[in-house]
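Listing of target_9.pdb, PDB, C-alpha atoms and all ligand atoms
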ATOM      1  CA  MET M  64     137.174 141.376 133.093  1.00  0.00           C
ATOM      2  CA  GLY M  65     134.848 143.511 135.198  1.00  0.00           C
ATOM      3  CA  LEU M  66     131.912 145.690 134.343  1.00  0.00           C
ATOM      4  CA  ALA M  67     134.059 148.753 134.973  1.00  0.00           C
ATOM      5  CA  ASP M  68     135.450 148.275 131.489  1.00  0.00           C
ATOM      6  CA  VAL M  69     133.084 150.797 129.963  1.00  0.00           C
ATOM      7  CA  GLY M  70     133.353 151.222 126.245  1.00  0.00           C
ATOM      8  CA  ARG M  71     134.940 147.854 125.795  1.00  0.00           C
ATOM      9  CA  SER M  72     133.314 144.751 124.539  1.00  0.00           C
ATOM     10  CA  PHE M  73     133.573 141.076 125.096  1.00  0.00           C
ATOM     11  CA  ARG M  74     133.174 138.534 122.373  1.00  0.00           C
ATOM     12  CA  GLY M  75     134.013 134.953 122.937  1.00  0.00           C
ATOM     13  CA  VAL M  76     132.897 131.618 124.168  1.00  0.00           C
ATOM     14  CA  VAL M  77     131.882 130.605 127.652  1.00  0.00           C
ATOM     15  CA  PRO M  78     132.304 126.877 128.319  1.00  0.00           C
ATOM     16  CA  VAL M  79     129.156 125.421 129.853  1.00  0.00           C
ATOM     17  CA  ASP M  80     131.218 123.684 132.528  1.00  0.00           C
ATOM     18  CA  ARG M  81     132.251 127.065 133.921  1.00  0.00           C
ATOM     19  CA  LEU M  82     128.673 127.871 134.898  1.00  0.00           C
ATOM     20  CA  ASP M  83     128.577 126.357 138.363  1.00  0.00           C
ATOM     21  CA  ARG M  84     125.105 127.533 139.329  1.00  0.00           C
ATOM     22  CA  LEU M  85     123.654 125.977 136.184  1.00  0.00           C
ATOM     23  CA  ALA M  86     125.326 122.635 136.880  1.00  0.00           C
ATOM     24  CA  PRO M  87     122.507 121.046 138.939  1.00  0.00           C
ATOM     25  CA  LEU M  88     120.141 121.454 135.971  1.00  0.00           C
ATOM     26  CA  LEU M  89     122.480 120.010 133.392  1.00  0.00           C
ATOM     27  CA  ALA M  90     122.464 116.558 131.826  1.00  0.00           C
ATOM     28  CA  SER M  91     125.850 117.318 130.307  1.00  0.00           C
ATOM     29  CA  LYS M  92     128.434 120.019 130.820  1.00  0.00           C
ATOM     30  CA  GLU M  93     129.670 119.689 127.274  1.00  0.00           C
ATOM     31  CA  GLY M  94     129.521 122.589 124.916  1.00  0.00           C
ATOM     32  CA  GLU M  95     130.185 126.258 124.673  1.00  0.00           C
ATOM     33  CA  LEU M  96     128.046 129.343 124.416  1.00  0.00           C
ATOM     34  CA  SER M  97     128.829 132.243 122.104  1.00  0.00           C
ATOM     35  CA  VAL M  98     128.679 135.461 124.056  1.00  0.00           C
ATOM     36  CA  GLU M  99     128.856 139.057 122.897  1.00  0.00           C
ATOM     37  CA  ILE M 100     128.708 141.940 125.319  1.00  0.00           C
ATOM     38  CA  ALA M 101     129.217 145.607 124.509  1.00  0.00           C
ATOM     39  CA  PHE M 102     129.708 148.096 127.314  1.00  0.00           C
ATOM     40  CA  ASP M 103     128.775 151.703 126.827  1.00  0.00           C
ATOM     41  CA  LEU M 104     128.111 154.958 128.598  1.00  0.00           C
ATOM     42  CA  ASP M 105     124.918 156.739 127.653  1.00  0.00           C
ATOM     43  CA  GLU M 106     124.597 160.541 127.468  1.00  0.00           C
ATOM     44  CA  ARG M 107     123.396 160.681 131.050  1.00  0.00           C
ATOM     45  CA  ARG M 108     126.561 158.860 132.088  1.00  0.00           C
ATOM     46  CA  ILE M 109     124.710 155.675 132.886  1.00  0.00           C
ATOM     47  CA  ARG M 110     126.830 152.638 132.244  1.00  0.00           C
ATOM     48  CA  THR M 111     125.016 150.196 130.023  1.00  0.00           C
ATOM     49  CA  LEU M 112     125.707 146.922 128.393  1.00  0.00           C
ATOM     50  CA  LYS M 113     124.022 145.064 125.597  1.00  0.00           C
ATOM     51  CA  GLY M 114     124.687 141.483 124.931  1.00  0.00           C
ATOM     52  CA  SER M 115     123.655 138.214 123.443  1.00  0.00           C
ATOM     53  CA  ILE M 116     124.140 134.575 124.315  1.00  0.00           C
ATOM     54  CA  ARG M 117     123.769 131.807 121.749  1.00  0.00           C
ATOM     55  CA  GLY M 118     124.185 128.107 122.080  1.00  0.00           C
ATOM     56  CA  VAL M 119     122.605 124.956 123.383  1.00  0.00           C
ATOM     57  CA  VAL M 120     122.493 123.648 126.923  1.00  0.00           C
ATOM     58  CA  SER M 121     121.678 120.033 127.801  1.00  0.00           C
ATOM     59  CA  LEU M 122     119.188 119.964 130.650  1.00  0.00           C
ATOM     60  CA  VAL M 123     117.643 117.038 132.504  1.00  0.00           C
ATOM     61  CA  CYS M 124     114.003 116.634 131.524  1.00  0.00           C
ATOM     62  CA  GLN M 125     112.001 116.549 134.746  1.00  0.00           C
ATOM     63  CA  ARG M 126     109.417 114.163 133.298  1.00  0.00           C
ATOM     64  CA  CYS M 127     111.439 111.383 131.642  1.00  0.00           C
ATOM     65  CA  LEU M 128     114.854 112.294 133.141  1.00  0.00           C
ATOM     66  CA  GLY M 129     116.300 112.204 129.643  1.00  0.00           C
ATOM     67  CA  THR M 130     118.426 114.851 128.015  1.00  0.00           C
ATOM     68  CA  LEU M 131     116.657 117.958 126.868  1.00  0.00           C
ATOM     69  CA  GLN M 132     118.529 120.150 124.394  1.00  0.00           C
ATOM     70  CA  LEU M 133     117.515 123.728 124.987  1.00  0.00           C
ATOM     71  CA  PRO M 134     118.633 126.155 122.277  1.00  0.00           C
ATOM     72  CA  LEU M 135     119.402 129.588 123.676  1.00  0.00           C
ATOM     73  CA  GLU M 136     119.176 132.848 121.772  1.00  0.00           C
ATOM     74  CA  LEU M 137     119.172 135.521 124.433  1.00  0.00           C
ATOM     75  CA  HIS M 138     119.445 139.265 124.050  1.00  0.00           C
ATOM     76  CA  PHE M 139     119.667 141.644 126.939  1.00  0.00           C
ATOM     77  CA  SER M 140     120.130 145.336 127.638  1.00  0.00           C
ATOM     78  CA  LEU M 141     121.205 146.244 131.129  1.00  0.00           C
ATOM     79  CA  GLY M 142     121.828 149.503 132.895  1.00  0.00           C
ATOM     80  CA  ILE M 143     124.412 149.284 135.624  1.00  0.00           C
ATOM     81  CA  ILE M 144     123.401 150.881 138.897  1.00  0.00           C
ATOM     82  CA  GLY M 145     125.078 151.107 142.271  1.00  0.00           C
ATOM     83  CA  SER M 146     121.878 151.247 144.304  1.00  0.00           C
ATOM     84  CA  ASP M 147     118.113 150.868 143.904  1.00  0.00           C
ATOM     85  CA  ASP M 148     117.762 154.669 143.900  1.00  0.00           C
ATOM     86  CA  GLU M 149     119.331 154.807 140.460  1.00  0.00           C
ATOM     87  CA  ILE M 150     116.711 152.594 138.778  1.00  0.00           C
ATOM     88  CA  ALA M 151     114.648 155.683 137.876  1.00  0.00           C
ATOM     89  CA  ARG M 152     117.595 157.126 135.930  1.00  0.00           C
ATOM     90  CA  LEU M 153     117.891 154.157 133.600  1.00  0.00           C
ATOM     91  CA  PRO M 154     117.134 154.694 129.926  1.00  0.00           C
ATOM     92  CA  GLU M 155     113.943 153.086 128.694  1.00  0.00           C
ATOM     93  CA  GLY M 156     114.240 149.447 127.764  1.00  0.00           C
ATOM     94  CA  TYR M 157     117.109 148.661 130.105  1.00  0.00           C
ATOM     95  CA  GLU M 158     116.847 146.200 132.934  1.00  0.00           C
ATOM     96  CA  PRO M 159     118.623 147.279 136.099  1.00  0.00           C
ATOM     97  CA  LEU M 160     121.798 145.446 136.971  1.00  0.00           C
ATOM     98  CA  LEU M 161     122.763 146.170 140.547  1.00  0.00           C
ATOM     99  CA  VAL M 162     126.513 146.109 140.980  1.00  0.00           C
ATOM    100  CA  SER M 163     127.857 146.864 144.401  1.00  0.00           C
ATOM    101  CA  GLY M 164     131.151 146.036 145.976  1.00  0.00           C
ATOM    102  CA  ASP M 165     133.143 143.441 144.120  1.00  0.00           C
ATOM    103  CA  PRO M 166     133.436 143.871 140.375  1.00  0.00           C
ATOM    104  CA  MET M 167     131.025 141.576 138.630  1.00  0.00           C
ATOM    105  CA  LYS M 168     132.424 138.935 136.369  1.00  0.00           C
ATOM    106  CA  THR M 169     131.259 138.387 132.827  1.00  0.00           C
ATOM    107  CA  PHE M 170     130.646 134.702 133.479  1.00  0.00           C
ATOM    108  CA  ASP M 171     128.383 135.541 136.412  1.00  0.00           C
ATOM    109  CA  LEU M 172     126.397 137.861 134.212  1.00  0.00           C
ATOM    110  CA  VAL M 173     126.074 135.232 131.492  1.00  0.00           C
ATOM    111  CA  GLU M 174     125.006 132.678 134.065  1.00  0.00           C
ATOM    112  CA  ASP M 175     122.375 135.023 135.503  1.00  0.00           C
ATOM    113  CA  GLU M 176     120.842 135.570 132.086  1.00  0.00           C
ATOM    114  CA  ILE M 177     120.754 131.848 131.332  1.00  0.00           C
ATOM    115  CA  LEU M 178     119.200 131.013 134.688  1.00  0.00           C
ATOM    116  CA  LEU M 179     116.470 133.564 133.945  1.00  0.00           C
ATOM    117  CA  ALA M 180     115.805 131.931 130.572  1.00  0.00           C
ATOM    118  CA  VAL M 181     115.822 128.292 131.667  1.00  0.00           C
ATOM    119  CA  PRO M 182     112.427 126.937 132.774  1.00  0.00           C
ATOM    120  CA  SER M 183     112.335 126.026 136.464  1.00  0.00           C
ATOM    121  CA  ILE M 184     110.973 122.569 135.584  1.00  0.00           C
ATOM    122  CA  PRO M 185     112.307 121.771 132.111  1.00  0.00           C
ATOM    123  CA  THR M 186     110.383 119.088 130.189  1.00  0.00           C
ATOM    124  CA  HIS M 187     110.323 117.939 126.593  1.00  0.00           C
ATOM    125  CA  LYS M 188     107.588 119.590 124.571  1.00  0.00           C
ATOM    126  CA  GLY M 189     105.707 117.509 122.015  1.00  0.00           C
ATOM    127  CA  VAL M 190     107.996 114.497 122.337  1.00  0.00           C
ATOM    128  CA  GLU M 191     106.040 111.233 122.460  1.00  0.00           C
ATOM    129  CA  SER M 192     108.794 109.208 124.083  1.00  0.00           C
ATOM    130  CA  CYS M 193     108.879 111.645 126.997  1.00  0.00           C
ATOM    131  CA  GLN M 194     106.996 109.863 129.751  1.00  0.00           C
ATOM    132  CA  ALA M 195     107.401 109.590 133.481  1.00  0.00           C
ATOM    133  CA  ASP M 196     108.551 106.223 134.862  1.00  0.00           C
ATOM    134  CA  HIS M 197     109.652 104.993 131.463  1.00  0.00           C
ATOM    135  CA  VAL M 198     111.556 102.166 133.173  1.00  0.00           C
ATOM    136  CA  ASN M 199     108.416 100.625 134.683  1.00  0.00           C
ATOM    137  CA  GLN M 200     106.015 101.243 131.877  1.00  0.00           C
ATOM    138  CA  PRO M 201     102.732  99.361 132.134  1.00  0.00           C
ATOM    139  CA  ALA M 202     101.873  97.021 129.282  1.00  0.00           C
ATOM    140  CA  PRO M 203     100.259  98.922 126.422  1.00  0.00           C
ATOM    141  CA  GLU M 204      96.488  99.016 126.739  1.00  0.00           C
ATOM    142  CA  LYS M 205      94.506  96.864 124.346  1.00  0.00           C
ATOM    143  CA  GLU M 206      92.524  98.831 121.884  1.00  0.00           C
ATOM    144  CA  ASN M 207      88.999  99.392 123.045  1.00  0.00           C
ATOM    145  CA  PRO M 208      86.740  97.546 120.552  1.00  0.00           C
ATOM    146  CA  PHE M 209      84.079 100.199 120.996  1.00  0.00           C
ATOM    147  CA  ALA M 210      86.492 102.793 119.705  1.00  0.00           C
ATOM    148  CA  VAL M 211      86.546 100.914 116.394  1.00  0.00           C
ATOM    149  CA  LEU M 212      82.739 100.849 116.331  1.00  0.00           C
ATOM    150  CA  GLY M 213      82.767 104.582 116.941  1.00  0.00           C
ATOM    151  CA  LYS M 214      84.876 105.108 113.849  1.00  0.00           C
ATOM    152  CA  LEU M 215      82.593 102.910 111.685  1.00  0.00           C
ATOM    153  CA  LYS M 216      79.518 104.936 112.604  1.00  0.00           C
ATOM    154  CA  HIS M 217      80.816 108.045 110.899  1.00  0.00           C
TER     155      HIS M 217
HETATM  156 ZN    ZN R 301     111.363 114.228 128.681  1.00  0.00          ZN
END
Hey, can you dump this file as structure tokens for me?
Ligand SMILES: [Zn+2]
Amino acid sequence: MGLADVGRSFRGVVPVDRLDRLAPLLASKEGELSVEIAFDLDERRIRTLKGSIRGVVSLVCQRCLGTLQLPLELHFSLGIIGSDDEIARLPEGYEPLLVSGDPMKTFDLVEDEILLAVPSIPTHKGVESCQADHVNQPAPEKENPFAVLGKLKH
């Protein structure tokens, strides 16, 4: 389905393994994303689309190289333009989506939005077991006896 389908909508699932450009970041290609996209034509005859993407993608944590589950809850409003000149005509609150030549595919659009949302260097946040070089971990440090003394002083 192309973006020419103004006034239509798309509601369905996009399998993660169909998102080729996301693949290098993924720990697993399992799963599906729920996608809703509604195409419309505003009163100034600007083609617009509003959509949402929900689901979870499994990324590779760049610190511990483990799996990082990233929940996605994305909402976007795009105005479809044929050239940069048309950006000024877009309704407020719409991001420009430049479509020229070949009809754009829904999956490409979904992939673009996800790539924008995914951190360039994904790492676990607030996870203690997330450490670099976890295979060659140094022996745990002995507790500093002075630290105990410090506590007693209080
Ligand atoms: Zn990690």
Edge lengths and centre in Å to one decimal, as JSON, of the axis-aligned box that encloses all listed atoms of range 91-101 of chain M with 5 Å added on every side?
{"center_x": 128.0, "center_y": 131.5, "center_z": 126.5, "size_x": 14.3, "size_y": 38.3, "size_z": 18.7}
*Check which residues fall inside 12 Å of ligand ZN 301 (chain R) when counting all atoms listed in the file, and print them as a PyMOL selection string.*
chain M and resi 90+121-133+184-197
Keeping C-alpha atoms for every residue in the selection just given, could you write it to a file as a compact mmCIF listing (two decimals), in the coordinates of the input?
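Dumped to result39.txt:
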# COMPACT_ATOMS: atom_id res chain seq x y z
CA ALA M 90 122.46 116.56 131.83
CA SER M 121 121.68 120.03 127.80
CA LEU M 122 119.19 119.96 130.65
CA VAL M 123 117.64 117.04 132.50
CA CYS M 124 114.00 116.63 131.52
CA GLN M 125 112.00 116.55 134.75
CA ARG M 126 109.42 114.16 133.30
CA CYS M 127 111.44 111.38 131.64
CA LEU M 128 114.85 112.29 133.14
CA GLY M 129 116.30 112.20 129.64
CA THR M 130 118.43 114.85 128.01
CA LEU M 131 116.66 117.96 126.87
CA GLN M 132 118.53 120.15 124.39
CA LEU M 133 117.52 123.73 124.99
CA ILE M 184 110.97 122.57 135.58
CA PRO M 185 112.31 121.77 132.11
CA THR M 186 110.38 119.09 130.19
CA HIS M 187 110.32 117.94 126.59
CA LYS M 188 107.59 119.59 124.57
CA GLY M 189 105.71 117.51 122.02
CA VAL M 190 108.00 114.50 122.34
CA GLU M 191 106.04 111.23 122.46
CA SER M 192 108.79 109.21 124.08
CA CYS M 193 108.88 111.64 127.00
CA GLN M 194 107.00 109.86 129.75
CA ALA M 195 107.40 109.59 133.48
CA ASP M 196 108.55 106.22 134.86
CA HIS M 197 109.65 104.99 131.46
Can you pull out the residues contacting range 159-165 of chain M? Cut-off 6 Å, using only C-alpha atoms, and skip same-chain residues under 3 positions away; I want them as a short mmCIF file (atom, residue, chain, number, x, y, z; two decimals) with C-alpha atoms, in the frame of the given file.
data_model
loop_
_atom_site.label_atom_id
_atom_site.label_comp_id
_atom_site.auth_asym_id
_atom_site.auth_seq_id
_atom_site.Cartn_x
_atom_site.Cartn_y
_atom_site.Cartn_z
CA LEU M 141 121.20 146.24 131.13
CA GLY M 142 121.83 149.50 132.90
CA ILE M 143 124.41 149.28 135.62
CA ILE M 144 123.40 150.88 138.90
CA GLY M 145 125.08 151.11 142.27
#
*Shell of 12 Å around Arg110 in chain M, all atoms listed in the file, local chain residues under 3 positions omitted, as an MDAnalysis selection string*: chainID M and resid 66:71 101:107 113 140:145 149 152:154 157:162
Please produce a file of the residues just selected, as an mmCIF file, in the frame of the given file, where the atoms kept are C-alpha atoms.
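Listing of out-v9.cif after writing:
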data_model
loop_
_atom_site.group_PDB
_atom_site.id
_atom_site.type_symbol
_atom_site.label_atom_id
_atom_site.label_comp_id
_atom_site.auth_asym_id
_atom_site.auth_seq_id
_atom_site.Cartn_x
_atom_site.Cartn_y
_atom_site.Cartn_z
ATOM 1 C CA LEU M 66 131.912 145.690 134.343
ATOM 2 C CA ALA M 67 134.059 148.753 134.973
ATOM 3 C CA ASP M 68 135.450 148.275 131.489
ATOM 4 C CA VAL M 69 133.084 150.797 129.963
ATOM 5 C CA GLY M 70 133.353 151.222 126.245
ATOM 6 C CA ARG M 71 134.940 147.854 125.795
ATOM 7 C CA ALA M 101 129.217 145.607 124.509
ATOM 8 C CA PHE M 102 129.708 148.096 127.314
ATOM 9 C CA ASP M 103 128.775 151.703 126.827
ATOM 10 C CA LEU M 104 128.111 154.958 128.598
ATOM 11 C CA ASP M 105 124.918 156.739 127.653
ATOM 12 C CA GLU M 106 124.597 160.541 127.468
ATOM 13 C CA ARG M 107 123.396 160.681 131.050
ATOM 14 C CA LYS M 113 124.022 145.064 125.597
ATOM 15 C CA SER M 140 120.130 145.336 127.638
ATOM 16 C CA LEU M 141 121.205 146.244 131.129
ATOM 17 C CA GLY M 142 121.828 149.503 132.895
ATOM 18 C CA ILE M 143 124.412 149.284 135.624
ATOM 19 C CA ILE M 144 123.401 150.881 138.897
ATOM 20 C CA GLY M 145 125.078 151.107 142.271
ATOM 21 C CA GLU M 149 119.331 154.807 140.460
ATOM 22 C CA ARG M 152 117.595 157.126 135.930
ATOM 23 C CA LEU M 153 117.891 154.157 133.600
ATOM 24 C CA PRO M 154 117.134 154.694 129.926
ATOM 25 C CA TYR M 157 117.109 148.661 130.105
ATOM 26 C CA GLU M 158 116.847 146.200 132.934
ATOM 27 C CA PRO M 159 118.623 147.279 136.099
ATOM 28 C CA LEU M 160 121.798 145.446 136.971
ATOM 29 C CA LEU M 161 122.763 146.170 140.547
ATOM 30 C CA VAL M 162 126.513 146.109 140.980
#
*Would you mind telling me which residue in M:Ser115, M:Thr169, M:Pro182, M:Ile177 lies nearest to Leu85 in chain M when using only C-alpha atoms?*
M:Ile177
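One distance worth recording is that between CA of Glu155 in chain M and CA of Phe73 in chain M, which is 23.3 Å.
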Name the residues captured by the PyMOL selection byres (((chain M and resi 95-100) around 9) and not hetatm) when it is applied to the shown file; answer as a PDB file with C-alpha atoms, keeping the file's coordinate frame.
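Produced file part_0.pdb, reproduced below:
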ATOM      1  CA  ARG M  71     134.940 147.854 125.795  1.00  0.00           C
ATOM      2  CA  SER M  72     133.314 144.751 124.539  1.00  0.00           C
ATOM      3  CA  PHE M  73     133.573 141.076 125.096  1.00  0.00           C
ATOM      4  CA  ARG M  74     133.174 138.534 122.373  1.00  0.00           C
ATOM      5  CA  GLY M  75     134.013 134.953 122.937  1.00  0.00           C
ATOM      6  CA  VAL M  76     132.897 131.618 124.168  1.00  0.00           C
ATOM      7  CA  VAL M  77     131.882 130.605 127.652  1.00  0.00           C
ATOM      8  CA  PRO M  78     132.304 126.877 128.319  1.00  0.00           C
ATOM      9  CA  VAL M  79     129.156 125.421 129.853  1.00  0.00           C
ATOM     10  CA  ASP M  80     131.218 123.684 132.528  1.00  0.00           C
ATOM     11  CA  LYS M  92     128.434 120.019 130.820  1.00  0.00           C
ATOM     12  CA  GLU M  93     129.670 119.689 127.274  1.00  0.00           C
ATOM     13  CA  GLY M  94     129.521 122.589 124.916  1.00  0.00           C
ATOM     14  CA  ALA M 101     129.217 145.607 124.509  1.00  0.00           C
ATOM     15  CA  PHE M 102     129.708 148.096 127.314  1.00  0.00           C
ATOM     16  CA  LEU M 112     125.707 146.922 128.393  1.00  0.00           C
ATOM     17  CA  LYS M 113     124.022 145.064 125.597  1.00  0.00           C
ATOM     18  CA  GLY M 114     124.687 141.483 124.931  1.00  0.00           C
ATOM     19  CA  SER M 115     123.655 138.214 123.443  1.00  0.00           C
ATOM     20  CA  ILE M 116     124.140 134.575 124.315  1.00  0.00           C
ATOM     21  CA  ARG M 117     123.769 131.807 121.749  1.00  0.00           C
ATOM     22  CA  GLY M 118     124.185 128.107 122.080  1.00  0.00           C
ATOM     23  CA  VAL M 119     122.605 124.956 123.383  1.00  0.00           C
ATOM     24  CA  VAL M 120     122.493 123.648 126.923  1.00  0.00           C
ATOM     25  CA  LEU M 135     119.402 129.588 123.676  1.00  0.00           C
ATOM     26  CA  THR M 169     131.259 138.387 132.827  1.00  0.00           C
ATOM     27  CA  VAL M 173     126.074 135.232 131.492  1.00  0.00           C
TER      28      VAL M 173
END
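Straight-line separation from CA of Asp171 in chain M to CA of Ser91 in chain M: 19.4 Å.
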